[in-house]
Amino acid sequence: MKLIFQKDILLNSINIVLKAVPSKTTMPILECILIDATGSDIKLTANDMELGIETKTTGVIEERGKIALNAKLFSEIVRKLPDNNVVIETEPNFNTTITCEKSKFNIQGKDGDEFSYLPYIEKQSYIKLSQFTLKDIIRQTIFSISPNDSNKMMTGELFEIYDNELKVVSLDGHRISIRKIELSEHYESAKVIVPGKTLTEISKILSGDNSKEVQIFFNENHILFEFDDTIVVSRLIEGEYFRINQMLSSDYETKVTVNKKVFLDCIDRATLLIRESDKKPIIISVADNVMQMKLSSVIGTMNEEIDIQKNGKDITIGFNPKFLIDALRVIDDEEVSIYLINPKAPCFIKDSDERYIYLILPVNISSGM
């Protein structure tokens, strides 16, 4: 095999597939990136058996063939080469030469036939949306998945399609994030649970261009994202997702409307007094058209008031400030509405059309008083 690439194009393609290379594995072949130039296109593939990414790249095929190269070594070599054409040549014993200007590397590759190709997904059940929309949905929900897999369901996000609506849900036991969008077409109803890792990596690859589409195909076990010249295939999380409708309520005793930036900045300032190991709540007291926020820690105390619009009863309630910050940062509205029931019930931050809903459980404020 002999291939010629522009360095920046090759490096960009490597960086795309690198996201599916496992950090630890007992199978050395999975530590590799497959370069496949047996057809008319040059494809780079990585696959950790849970997440697989394949992307087409631009280059000149002088001799066809394929080779699997250690991903870490290959990416670092290409990254540090001069900004010029890169030539990759392989011999029958899989010895591989990488040349650029006067720089020449010899590394040992592996038989490309040993590489695990991505599973085949029938392209029947699918939806399509813009890259911008998918990237935005992930940004607005991914922060509330659980970081550990003691409960596998909480490490993924529910994608629920009904007619022309896509609803995405994530939760970690302390909060729930829900984002709904209207699709351009009507589709068959479906529910799948997508691993958070998959969505995080896809978000890094998406251009965020509103004029470019993503097609999402799914079957019982896998989901496939197809966009630009890239395919991402992931296993789905098996099982039935939590019945979140039982956790949502339209009842409230207090509704607060507040400028989002003012509210967010105030909470952000309060966190200056919290060490990473501390779990100090921010205490919010709502009375008349004023919201008072207090935080007390071993470092010091903070007390601030901001103007609000209030409907309903006065209330004092405590929250983990990080949970409020995470939700507020991804809301694009200038003003937000917060619905409160009592000091022990969750609060809801949502818009009037419920295109987004953030449920946050309160914390015991006796320790923060």
# chains A, B, ... in the order shown; residues from 1 in each chain; ligands from 1
>>> residues_around(residues="Lys255 in chain A", least_positions_apart="3", cutoff="6 Å", atoms="only C-alpha atoms", output="list in words")
Lys310, Asn311, Ile338 and Tyr339 of chain A
>>> select_by_dssp(residues="range 82-274 of chain A", states="strand (DSSP E or B)", output="NGL selection string")
:A and (85-90 or 95-100 or 103-108 or 110-111 or 126-130 or 156-171 or 175-195 or 213-218 or 222-227 or 230-235 or 254-259)
>>> closest_residue(among="A:Met1, A:Ile181, A:Ile16, A:Leu361", to="Asn95 in chain A", atoms="only C-alpha atoms")
A:Met1
>>> residues_around(residues="Phe323 in chain A", least_positions_apart="5", cutoff="10 Å", atoms="only C-alpha atoms", output="number ranges by chain")
A: 143-144, 174-175, 328, 358-362
>>> write_last_selection(atoms="all heavy atoms", output="compact mmCIF listing (two decimals), in the first residue's frame")
# COMPACT_ATOMS: atom_id res chain seq x y z
N PHE A 143 -24.94 17.16 30.85
CA PHE A 143 -24.34 17.42 32.16
C PHE A 143 -25.07 16.70 33.29
O PHE A 143 -24.53 16.56 34.38
CB PHE A 143 -24.32 18.93 32.44
CG PHE A 143 -25.68 19.57 32.43
CD1 PHE A 143 -26.48 19.57 33.55
CD2 PHE A 143 -26.16 20.16 31.26
CE1 PHE A 143 -27.74 20.15 33.53
CE2 PHE A 143 -27.42 20.75 31.24
CZ PHE A 143 -28.22 20.74 32.37
N SER A 144 -26.30 16.25 33.06
CA SER A 144 -27.03 15.60 34.15
C SER A 144 -27.11 14.08 34.02
O SER A 144 -27.96 13.44 34.64
CB SER A 144 -28.43 16.20 34.32
OG SER A 144 -29.19 16.08 33.15
N HIS A 174 -30.42 13.28 41.15
CA HIS A 174 -30.59 14.56 41.84
C HIS A 174 -31.28 15.60 40.96
O HIS A 174 -31.76 16.61 41.45
CB HIS A 174 -29.22 15.12 42.27
CG HIS A 174 -28.46 14.21 43.16
ND1 HIS A 174 -28.77 14.01 44.48
CD2 HIS A 174 -27.39 13.40 42.90
CE1 HIS A 174 -27.92 13.14 45.01
NE2 HIS A 174 -27.08 12.76 44.07
N ARG A 175 -31.32 15.33 39.66
CA ARG A 175 -31.88 16.29 38.71
C ARG A 175 -32.26 15.58 37.42
O ARG A 175 -31.76 14.48 37.13
CB ARG A 175 -30.86 17.39 38.42
CG ARG A 175 -29.50 16.83 38.00
CD ARG A 175 -28.45 17.88 37.95
NE ARG A 175 -27.12 17.28 37.80
CZ ARG A 175 -26.04 17.96 37.44
NH1 ARG A 175 -26.13 19.25 37.19
NH2 ARG A 175 -24.87 17.36 37.34
N LEU A 328 -28.69 26.64 34.22
CA LEU A 328 -28.79 28.02 33.74
C LEU A 328 -27.83 28.31 32.59
O LEU A 328 -28.14 29.06 31.67
CB LEU A 328 -28.54 29.00 34.90
CG LEU A 328 -29.62 29.02 35.99
CD1 LEU A 328 -29.12 29.79 37.20
CD2 LEU A 328 -30.92 29.61 35.47
N TYR A 358 -35.93 21.59 33.42
CA TYR A 358 -34.86 21.15 34.33
C TYR A 358 -35.46 20.99 35.72
O TYR A 358 -35.97 21.94 36.30
CB TYR A 358 -33.70 22.16 34.33
CG TYR A 358 -33.04 22.25 32.98
CD1 TYR A 358 -33.33 23.31 32.12
CD2 TYR A 358 -32.18 21.25 32.55
CE1 TYR A 358 -32.75 23.37 30.86
CE2 TYR A 358 -31.60 21.31 31.29
CZ TYR A 358 -31.89 22.37 30.45
OH TYR A 358 -31.33 22.42 29.20
N LEU A 359 -35.46 19.76 36.21
CA LEU A 359 -35.93 19.46 37.56
C LEU A 359 -34.72 19.33 38.46
O LEU A 359 -33.78 18.59 38.14
CB LEU A 359 -36.73 18.16 37.54
CG LEU A 359 -37.29 17.61 38.86
CD1 LEU A 359 -38.52 16.74 38.61
CD2 LEU A 359 -36.25 16.77 39.62
N ILE A 360 -34.73 20.01 39.60
CA ILE A 360 -33.62 19.96 40.54
C ILE A 360 -34.17 19.70 41.94
O ILE A 360 -35.06 20.42 42.41
CB ILE A 360 -32.80 21.27 40.53
CG1 ILE A 360 -32.30 21.57 39.11
CG2 ILE A 360 -31.63 21.19 41.51
CD1 ILE A 360 -31.66 22.93 38.95
N LEU A 361 -33.64 18.67 42.59
CA LEU A 361 -34.06 18.37 43.96
C LEU A 361 -33.42 19.35 44.93
O LEU A 361 -32.24 19.70 44.77
CB LEU A 361 -33.67 16.93 44.34
CG LEU A 361 -34.38 15.79 43.60
CD1 LEU A 361 -33.83 14.45 44.08
CD2 LEU A 361 -35.89 15.85 43.83
N PRO A 362 -34.16 19.79 45.95
CA PRO A 362 -33.56 20.67 46.96
C PRO A 362 -32.72 19.88 47.94
O PRO A 362 -32.75 18.65 47.95
CB PRO A 362 -34.79 21.28 47.65
CG PRO A 362 -35.83 20.21 47.54
CD PRO A 362 -35.57 19.51 46.22
>>> closest_residue(among="A:Ile193, A:Leu324, A:Val330, A:Ile88", to="Gly239 in chain A", atoms="only C-alpha atoms")
A:Ile193
>>> residues_around(residues="Glu226 in chain A", least_positions_apart="5", cutoff="12 Å", atoms="only C-alpha atoms", output="list in words")
Ile53, Glu54, Thr55, Lys56, Ile121, Lys123, Tyr126, Ile127, Lys128, Leu129, Ser130, Gln131, Ile202, Ile205, Leu206, Lys212, Glu213, Val214, Gln215, Ile216, Phe217, Phe218, Ile231, Val232, Val233 and Ser234 of chain A
>>> residues_around(residues="Leu18 in chain A", least_positions_apart="2", cutoff="12 Å", atoms="only C-alpha atoms", output="MDAnalysis selection string")
chainID A and resid 11:16 20:23 30:34 44:48 51:55 69:76 201:202 204:205 232
>>> write_last_selection(atoms="N, CA, C and O atoms", output="short mmCIF file (atom, residue, chain, number, x, y, z; two decimals), in the first residue's frame")
data_model
loop_
_atom_site.label_atom_id
_atom_site.label_comp_id
_atom_site.auth_asym_id
_atom_site.auth_seq_id
_atom_site.Cartn_x
_atom_site.Cartn_y
_atom_site.Cartn_z
N LEU A 11 -4.41 14.49 9.74
CA LEU A 11 -4.46 14.66 11.19
C LEU A 11 -5.89 14.89 11.67
O LEU A 11 -6.30 14.36 12.71
N ASN A 12 -6.65 15.66 10.92
CA ASN A 12 -8.05 15.90 11.28
C ASN A 12 -8.85 14.59 11.29
O ASN A 12 -9.63 14.33 12.21
N SER A 13 -8.61 13.75 10.30
CA SER A 13 -9.31 12.45 10.22
C SER A 13 -8.88 11.53 11.37
O SER A 13 -9.71 10.82 11.95
N ILE A 14 -7.60 11.55 11.69
CA ILE A 14 -7.11 10.74 12.83
C ILE A 14 -7.79 11.20 14.11
O ILE A 14 -8.24 10.37 14.93
N ASN A 15 -7.88 12.50 14.32
CA ASN A 15 -8.47 13.03 15.54
C ASN A 15 -9.95 12.66 15.68
O ASN A 15 -10.45 12.48 16.79
N ILE A 16 -10.63 12.53 14.55
CA ILE A 16 -12.04 12.12 14.58
C ILE A 16 -12.18 10.69 15.10
O ILE A 16 -12.93 10.42 16.03
N ALA A 20 -12.71 6.85 19.42
CA ALA A 20 -13.24 5.50 19.63
C ALA A 20 -12.14 4.49 19.96
O ALA A 20 -12.40 3.28 20.02
N VAL A 21 -10.94 4.97 20.21
CA VAL A 21 -9.84 4.06 20.60
C VAL A 21 -9.90 3.89 22.12
O VAL A 21 -9.89 4.87 22.86
N PRO A 22 -9.98 2.65 22.63
CA PRO A 22 -10.09 2.45 24.08
C PRO A 22 -8.79 2.83 24.79
O PRO A 22 -7.69 2.64 24.27
N SER A 23 -8.92 3.37 26.01
CA SER A 23 -7.73 3.70 26.80
C SER A 23 -7.09 2.44 27.38
O SER A 23 -5.88 2.38 27.56
N LEU A 30 -7.43 -3.48 19.00
CA LEU A 30 -8.36 -2.38 19.26
C LEU A 30 -7.62 -1.09 19.60
O LEU A 30 -8.22 -0.01 19.61
N GLU A 31 -6.32 -1.19 19.89
CA GLU A 31 -5.51 0.01 20.15
C GLU A 31 -5.08 0.67 18.84
O GLU A 31 -4.35 1.65 18.85
N CYS A 32 -5.54 0.12 17.73
CA CYS A 32 -5.09 0.58 16.41
C CYS A 32 -6.16 1.40 15.69
O CYS A 32 -7.35 1.32 15.99
N ILE A 33 -5.69 2.17 14.72
CA ILE A 33 -6.54 2.80 13.72
C ILE A 33 -6.35 2.02 12.42
O ILE A 33 -5.21 1.77 12.01
N LEU A 34 -7.45 1.63 11.81
CA LEU A 34 -7.38 0.92 10.54
C LEU A 34 -7.38 1.93 9.40
O LEU A 34 -8.23 2.82 9.34
N LEU A 44 -10.59 5.73 7.52
CA LEU A 44 -9.94 5.49 8.80
C LEU A 44 -11.02 5.02 9.78
O LEU A 44 -12.12 5.61 9.81
N THR A 45 -10.70 3.99 10.56
CA THR A 45 -11.68 3.42 11.48
C THR A 45 -11.04 3.10 12.81
O THR A 45 -9.90 2.63 12.87
N ALA A 46 -11.79 3.37 13.89
CA ALA A 46 -11.41 2.91 15.23
C ALA A 46 -12.66 2.31 15.87
O ALA A 46 -13.78 2.73 15.58
N ASN A 47 -12.47 1.33 16.74
CA ASN A 47 -13.61 0.59 17.28
C ASN A 47 -13.23 -0.03 18.62
O ASN A 47 -12.31 -0.84 18.69
N ASP A 48 -13.94 0.38 19.70
CA ASP A 48 -13.66 -0.23 20.99
C ASP A 48 -14.71 -1.28 21.37
O ASP A 48 -14.81 -1.69 22.53
N LEU A 51 -18.23 1.61 20.93
CA LEU A 51 -18.32 2.78 20.08
C LEU A 51 -17.36 2.62 18.92
O LEU A 51 -16.18 2.29 19.12
N GLY A 52 -17.85 2.83 17.70
CA GLY A 52 -16.98 2.75 16.52
C GLY A 52 -17.16 3.99 15.66
O GLY A 52 -18.27 4.49 15.50
N ILE A 53 -16.05 4.48 15.10
CA ILE A 53 -16.10 5.66 14.24
C ILE A 53 -15.32 5.37 12.95
O ILE A 53 -14.20 4.88 13.00
N GLU A 54 -15.95 5.70 11.82
CA GLU A 54 -15.32 5.56 10.52
C GLU A 54 -15.45 6.88 9.78
O GLU A 54 -16.52 7.48 9.78
N THR A 55 -14.36 7.36 9.22
CA THR A 55 -14.42 8.60 8.45
C THR A 55 -13.64 8.45 7.15
O THR A 55 -12.59 7.79 7.11
N LEU A 69 -2.57 0.51 12.45
CA LEU A 69 -1.42 1.12 13.12
C LEU A 69 -1.80 1.54 14.54
O LEU A 69 -2.93 2.00 14.78
N ASN A 70 -0.87 1.37 15.47
CA ASN A 70 -1.11 1.78 16.85
C ASN A 70 -1.56 3.25 16.87
O ASN A 70 -0.85 4.13 16.39
N ALA A 71 -2.75 3.47 17.40
CA ALA A 71 -3.39 4.79 17.30
C ALA A 71 -2.58 5.89 17.98
O ALA A 71 -2.39 6.97 17.42
N LYS A 72 -2.11 5.62 19.18
CA LYS A 72 -1.39 6.64 19.93
C LYS A 72 -0.10 7.03 19.22
O LYS A 72 0.19 8.21 19.02
N LEU A 73 0.67 6.02 18.80
CA LEU A 73 1.95 6.28 18.13
C LEU A 73 1.73 6.96 16.78
O LEU A 73 2.39 7.96 16.45
N PHE A 74 0.79 6.43 16.02
CA PHE A 74 0.51 6.97 14.68
C PHE A 74 0.07 8.44 14.77
O PHE A 74 0.58 9.30 14.04
N SER A 75 -0.83 8.76 15.69
CA SER A 75 -1.33 10.13 15.81
C SER A 75 -0.23 11.09 16.25
O SER A 75 -0.14 12.21 15.75
N GLU A 76 0.62 10.64 17.16
CA GLU A 76 1.70 11.52 17.64
C GLU A 76 2.74 11.76 16.56
O GLU A 76 3.28 12.87 16.44
N GLU A 201 -18.71 12.27 22.58
CA GLU A 201 -17.73 12.21 21.48
C GLU A 201 -18.32 12.74 20.18
O GLU A 201 -17.63 13.42 19.42
N ILE A 202 -19.59 12.45 19.92
CA ILE A 202 -20.23 12.97 18.71
C ILE A 202 -20.27 14.49 18.74
O ILE A 202 -20.01 15.16 17.74
N LYS A 204 -18.23 16.49 19.97
CA LYS A 204 -16.90 17.04 19.66
C LYS A 204 -16.63 17.04 18.16
O LYS A 204 -15.85 17.85 17.65
N ILE A 205 -17.25 16.10 17.45
CA ILE A 205 -16.99 15.96 16.01
C ILE A 205 -17.91 16.85 15.18
O ILE A 205 -17.51 17.38 14.14
N VAL A 232 -20.71 7.12 12.92
CA VAL A 232 -20.48 6.75 14.32
C VAL A 232 -21.52 5.69 14.68
O VAL A 232 -22.72 5.92 14.55
#
>>> residues_around(residues="Leu166 in chain A", least_positions_apart="6", cutoff="12 Å", atoms="only C-alpha atoms", output="PyMOL selection string")
chain A and resi 126-129+133-134+137+158-160+178-192+216+355-356
>>> write_last_selection(atoms="N, CA, C and O atoms", output="tab-separated table (two decimals), in the first residue's frame")
chain	number	residue	atom	x	y	z
A	126	TYR	N	-35.25	5.76	11.28
A	126	TYR	CA	-34.29	6.86	11.34
A	126	TYR	C	-35.01	8.18	11.57
A	126	TYR	O	-36.24	8.29	11.46
A	127	ILE	N	-34.22	9.19	11.95
A	127	ILE	CA	-34.67	10.58	11.96
A	127	ILE	C	-33.53	11.42	11.39
A	127	ILE	O	-32.39	10.95	11.31
A	128	LYS	N	-33.85	12.66	11.02
A	128	LYS	CA	-32.78	13.56	10.59
A	128	LYS	C	-33.00	14.93	11.20
A	128	LYS	O	-34.15	15.37	11.41
A	129	LEU	N	-31.92	15.60	11.53
A	129	LEU	CA	-31.96	16.95	12.08
A	129	LEU	C	-30.64	17.63	11.76
A	129	LEU	O	-29.70	16.99	11.27
A	133	THR	N	-28.59	21.53	15.74
A	133	THR	CA	-29.63	21.11	16.69
A	133	THR	C	-29.15	19.95	17.56
A	133	THR	O	-29.34	19.96	18.78
A	134	LEU	N	-28.56	18.94	16.95
A	134	LEU	CA	-28.08	17.79	17.72
A	134	LEU	C	-27.00	18.21	18.71
A	134	LEU	O	-27.02	17.81	19.88
A	137	ILE	N	-28.72	20.04	21.57
A	137	ILE	CA	-29.47	19.15	22.45
A	137	ILE	C	-28.52	18.44	23.41
A	137	ILE	O	-28.81	18.31	24.62
A	158	LEU	N	-32.14	9.15	27.16
A	158	LEU	CA	-33.28	8.62	26.42
A	158	LEU	C	-33.54	9.50	25.20
A	158	LEU	O	-33.67	10.72	25.32
A	159	PHE	N	-33.59	8.87	24.03
A	159	PHE	CA	-34.05	9.53	22.81
A	159	PHE	C	-35.42	8.94	22.50
A	159	PHE	O	-35.54	7.75	22.17
A	160	GLU	N	-36.45	9.76	22.61
A	160	GLU	CA	-37.82	9.30	22.36
A	160	GLU	C	-38.41	10.07	21.20
A	160	GLU	O	-38.47	11.30	21.21
A	178	ILE	N	-34.61	17.76	30.40
A	178	ILE	CA	-35.47	17.35	29.29
A	178	ILE	C	-35.41	18.43	28.21
A	178	ILE	O	-35.54	19.62	28.49
A	179	ARG	N	-35.22	17.98	27.00
A	179	ARG	CA	-35.19	18.92	25.85
A	179	ARG	C	-36.05	18.33	24.75
A	179	ARG	O	-35.91	17.15	24.39
A	180	LYS	N	-36.97	19.14	24.23
A	180	LYS	CA	-37.85	18.69	23.17
A	180	LYS	C	-37.64	19.57	21.93
A	180	LYS	O	-37.50	20.78	22.06
A	181	ILE	N	-37.61	18.93	20.76
A	181	ILE	CA	-37.52	19.70	19.52
A	181	ILE	C	-38.51	19.15	18.49
A	181	ILE	O	-38.84	17.96	18.50
A	182	GLU	N	-38.95	20.04	17.64
A	182	GLU	CA	-39.85	19.64	16.58
A	182	GLU	C	-39.03	19.24	15.36
A	182	GLU	O	-38.15	19.98	14.93
A	183	LEU	N	-39.33	18.07	14.82
A	183	LEU	CA	-38.63	17.56	13.64
A	183	LEU	C	-39.35	18.03	12.38
A	183	LEU	O	-40.53	18.39	12.41
A	184	SER	N	-38.63	18.01	11.27
A	184	SER	CA	-39.19	18.52	10.02
A	184	SER	C	-40.15	17.54	9.36
A	184	SER	O	-40.90	17.90	8.46
A	185	GLU	N	-40.12	16.27	9.81
A	185	GLU	CA	-40.99	15.24	9.23
A	185	GLU	C	-41.64	14.43	10.36
A	185	GLU	O	-41.26	14.55	11.52
A	186	HIS	N	-42.59	13.59	9.99
A	186	HIS	CA	-43.25	12.70	10.95
A	186	HIS	C	-42.57	11.33	10.86
A	186	HIS	O	-42.30	10.82	9.77
A	187	TYR	N	-42.31	10.74	12.03
A	187	TYR	CA	-41.58	9.47	12.07
A	187	TYR	C	-42.31	8.45	12.95
A	187	TYR	O	-43.17	8.81	13.76
A	188	GLU	N	-41.92	7.19	12.77
A	188	GLU	CA	-42.47	6.13	13.63
A	188	GLU	C	-42.00	6.35	15.07
A	188	GLU	O	-40.88	6.79	15.30
A	189	SER	N	-42.86	6.00	16.02
A	189	SER	CA	-42.50	6.14	17.43
A	189	SER	C	-41.37	5.18	17.79
A	189	SER	O	-41.32	4.04	17.29
A	190	ALA	N	-40.46	5.66	18.62
A	190	ALA	CA	-39.33	4.82	19.04
A	190	ALA	C	-38.73	5.37	20.33
A	190	ALA	O	-38.85	6.57	20.62
A	191	LYS	N	-38.10	4.48	21.11
A	191	LYS	CA	-37.38	4.87	22.31
A	191	LYS	C	-36.07	4.11	22.35
A	191	LYS	O	-36.06	2.88	22.23
A	192	VAL	N	-34.96	4.84	22.50
A	192	VAL	CA	-33.65	4.18	22.64
A	192	VAL	C	-32.86	4.92	23.72
A	192	VAL	O	-33.08	6.11	23.95
A	216	ILE	N	-29.86	9.82	11.79
A	216	ILE	CA	-29.70	8.92	12.93
A	216	ILE	C	-30.54	7.68	12.66
A	216	ILE	O	-31.76	7.75	12.55
A	355	ARG	N	-40.31	23.40	26.08
A	355	ARG	CA	-39.30	22.87	25.15
A	355	ARG	C	-38.07	22.44	25.92
A	355	ARG	O	-37.28	21.63	25.46
A	356	TYR	N	-37.88	23.05	27.07
A	356	TYR	CA	-36.86	22.55	28.00
A	356	TYR	C	-37.45	22.53	29.40
A	356	TYR	O	-38.28	23.37	29.76
>>> residues_around(residues="Ser146 in chain A", least_positions_apart="5", cutoff="7 Å", atoms="only C-alpha atoms", output="ChimeraX atom specification")
/A:154-155,171-172
>>> closest_residue(among="A:Glu253, A:Glu114, A:Glu89, A:Asp332", to="Phe348 in chain A", atoms="only C-alpha atoms")
A:Glu253
>>> select_by_dssp(residues="range 184-288 of chain A", states="alpha helix (DSSP H)", output="PyMOL selection string")
chain A and resi 196-205+260-270
>>> write_last_selection(atoms="C-alpha atoms", output="PDB file, in the first residue's frame")
ATOM      1  CA  GLY A 196     -23.459   9.410  27.353  1.00  0.00           C
ATOM      2  CA  LYS A 197     -19.921   8.677  26.161  1.00  0.00           C
ATOM      3  CA  THR A 198     -21.185   8.285  22.588  1.00  0.00           C
ATOM      4  CA  LEU A 199     -23.034  11.606  22.694  1.00  0.00           C
ATOM      5  CA  THR A 200     -20.063  13.407  24.244  1.00  0.00           C
ATOM      6  CA  GLU A 201     -17.725  12.206  21.484  1.00  0.00           C
ATOM      7  CA  ILE A 202     -20.230  12.966  18.709  1.00  0.00           C
ATOM      8  CA  SER A 203     -20.659  16.484  20.053  1.00  0.00           C
ATOM      9  CA  LYS A 204     -16.903  17.040  19.662  1.00  0.00           C
ATOM     10  CA  ILE A 205     -16.992  15.956  16.009  1.00  0.00           C
ATOM     11  CA  LYS A 260     -30.956  34.577  33.781  1.00  0.00           C
ATOM     12  CA  LYS A 261     -27.561  36.271  33.606  1.00  0.00           C
ATOM     13  CA  VAL A 262     -28.070  38.177  36.874  1.00  0.00           C
ATOM     14  CA  PHE A 263     -29.218  34.991  38.656  1.00  0.00           C
ATOM     15  CA  LEU A 264     -26.388  32.892  37.204  1.00  0.00           C
ATOM     16  CA  ASP A 265     -23.695  35.458  38.015  1.00  0.00           C
ATOM     17  CA  CYS A 266     -24.901  35.687  41.609  1.00  0.00           C
ATOM     18  CA  ILE A 267     -24.745  31.908  42.135  1.00  0.00           C
ATOM     19  CA  ASP A 268     -21.383  31.780  40.389  1.00  0.00           C
ATOM     20  CA  ARG A 269     -19.986  34.360  42.831  1.00  0.00           C
ATOM     21  CA  ALA A 270     -21.293  32.335  45.765  1.00  0.00           C
TER      22      ALA A 270
END
>>> atom_distance(atom1="CA of Ile237 in chain A", atom2="CA of Glu354 in chain A")
26.5 Å
>>> atom_distance(atom1="CA of Gly208 in chain A", atom2="CA of Asp83 in chain A")
26.9 Å
>>> decode(residues="range 4-16 of chain A", atoms="N, CA, C and O atoms", output="PDB file, in the first residue's frame")
ATOM      1  N   ILE A   4      -0.692   9.012  -0.167  1.00  0.00           N
ATOM      2  CA  ILE A   4      -0.130  10.356   0.041  1.00  0.00           C
ATOM      3  C   ILE A   4      -1.244  11.271   0.560  1.00  0.00           C
ATOM      4  O   ILE A   4      -2.339  11.322  -0.013  1.00  0.00           O
ATOM      5  N   PHE A   5      -0.965  11.975   1.646  1.00  0.00           N
ATOM      6  CA  PHE A   5      -1.946  12.852   2.275  1.00  0.00           C
ATOM      7  C   PHE A   5      -1.362  14.240   2.489  1.00  0.00           C
ATOM      8  O   PHE A   5      -0.150  14.393   2.654  1.00  0.00           O
ATOM      9  N   GLN A   6      -2.241  15.232   2.555  1.00  0.00           N
ATOM     10  CA  GLN A   6      -1.851  16.501   3.166  1.00  0.00           C
ATOM     11  C   GLN A   6      -1.919  16.303   4.680  1.00  0.00           C
ATOM     12  O   GLN A   6      -2.881  15.728   5.188  1.00  0.00           O
ATOM     13  N   LYS A   7      -0.884  16.760   5.383  1.00  0.00           N
ATOM     14  CA  LYS A   7      -0.799  16.497   6.822  1.00  0.00           C
ATOM     15  C   LYS A   7      -2.030  16.947   7.587  1.00  0.00           C
ATOM     16  O   LYS A   7      -2.575  16.203   8.407  1.00  0.00           O
ATOM     17  N   ASP A   8      -2.517  18.170   7.354  1.00  0.00           N
ATOM     18  CA  ASP A   8      -3.631  18.684   8.149  1.00  0.00           C
ATOM     19  C   ASP A   8      -4.905  17.887   7.929  1.00  0.00           C
ATOM     20  O   ASP A   8      -5.675  17.646   8.859  1.00  0.00           O
ATOM     21  N   ILE A   9      -5.132  17.434   6.705  1.00  0.00           N
ATOM     22  CA  ILE A   9      -6.323  16.630   6.408  1.00  0.00           C
ATOM     23  C   ILE A   9      -6.227  15.269   7.092  1.00  0.00           C
ATOM     24  O   ILE A   9      -7.183  14.782   7.708  1.00  0.00           O
ATOM     25  N   LEU A  10      -5.061  14.639   7.008  1.00  0.00           N
ATOM     26  CA  LEU A  10      -4.859  13.341   7.645  1.00  0.00           C
ATOM     27  C   LEU A  10      -5.012  13.455   9.163  1.00  0.00           C
ATOM     28  O   LEU A  10      -5.680  12.634   9.797  1.00  0.00           O
ATOM     29  N   LEU A  11      -4.409  14.488   9.738  1.00  0.00           N
ATOM     30  CA  LEU A  11      -4.459  14.655  11.191  1.00  0.00           C
ATOM     31  C   LEU A  11      -5.888  14.889  11.668  1.00  0.00           C
ATOM     32  O   LEU A  11      -6.300  14.356  12.705  1.00  0.00           O
ATOM     33  N   ASN A  12      -6.650  15.655  10.916  1.00  0.00           N
ATOM     34  CA  ASN A  12      -8.050  15.896  11.282  1.00  0.00           C
ATOM     35  C   ASN A  12      -8.846  14.592  11.289  1.00  0.00           C
ATOM     36  O   ASN A  12      -9.634  14.333  12.209  1.00  0.00           O
ATOM     37  N   SER A  13      -8.614  13.745  10.304  1.00  0.00           N
ATOM     38  CA  SER A  13      -9.307  12.452  10.225  1.00  0.00           C
ATOM     39  C   SER A  13      -8.880  11.533  11.367  1.00  0.00           C
ATOM     40  O   SER A  13      -9.714  10.817  11.950  1.00  0.00           O
ATOM     41  N   ILE A  14      -7.599  11.546  11.692  1.00  0.00           N
ATOM     42  CA  ILE A  14      -7.111  10.745  12.825  1.00  0.00           C
ATOM     43  C   ILE A  14      -7.791  11.199  14.113  1.00  0.00           C
ATOM     44  O   ILE A  14      -8.241  10.372  14.925  1.00  0.00           O
ATOM     45  N   ASN A  15      -7.876  12.502  14.315  1.00  0.00           N
ATOM     46  CA  ASN A  15      -8.472  13.034  15.541  1.00  0.00           C
ATOM     47  C   ASN A  15      -9.945  12.661  15.681  1.00  0.00           C
ATOM     48  O   ASN A  15     -10.446  12.485  16.794  1.00  0.00           O
ATOM     49  N   ILE A  16     -10.631  12.527  14.547  1.00  0.00           N
ATOM     50  CA  ILE A  16     -12.042  12.119  14.582  1.00  0.00           C
ATOM     51  C   ILE A  16     -12.177  10.692  15.095  1.00  0.00           C
ATOM     52  O   ILE A  16     -12.933  10.416  16.029  1.00  0.00           O
TER      53      ILE A  16
END
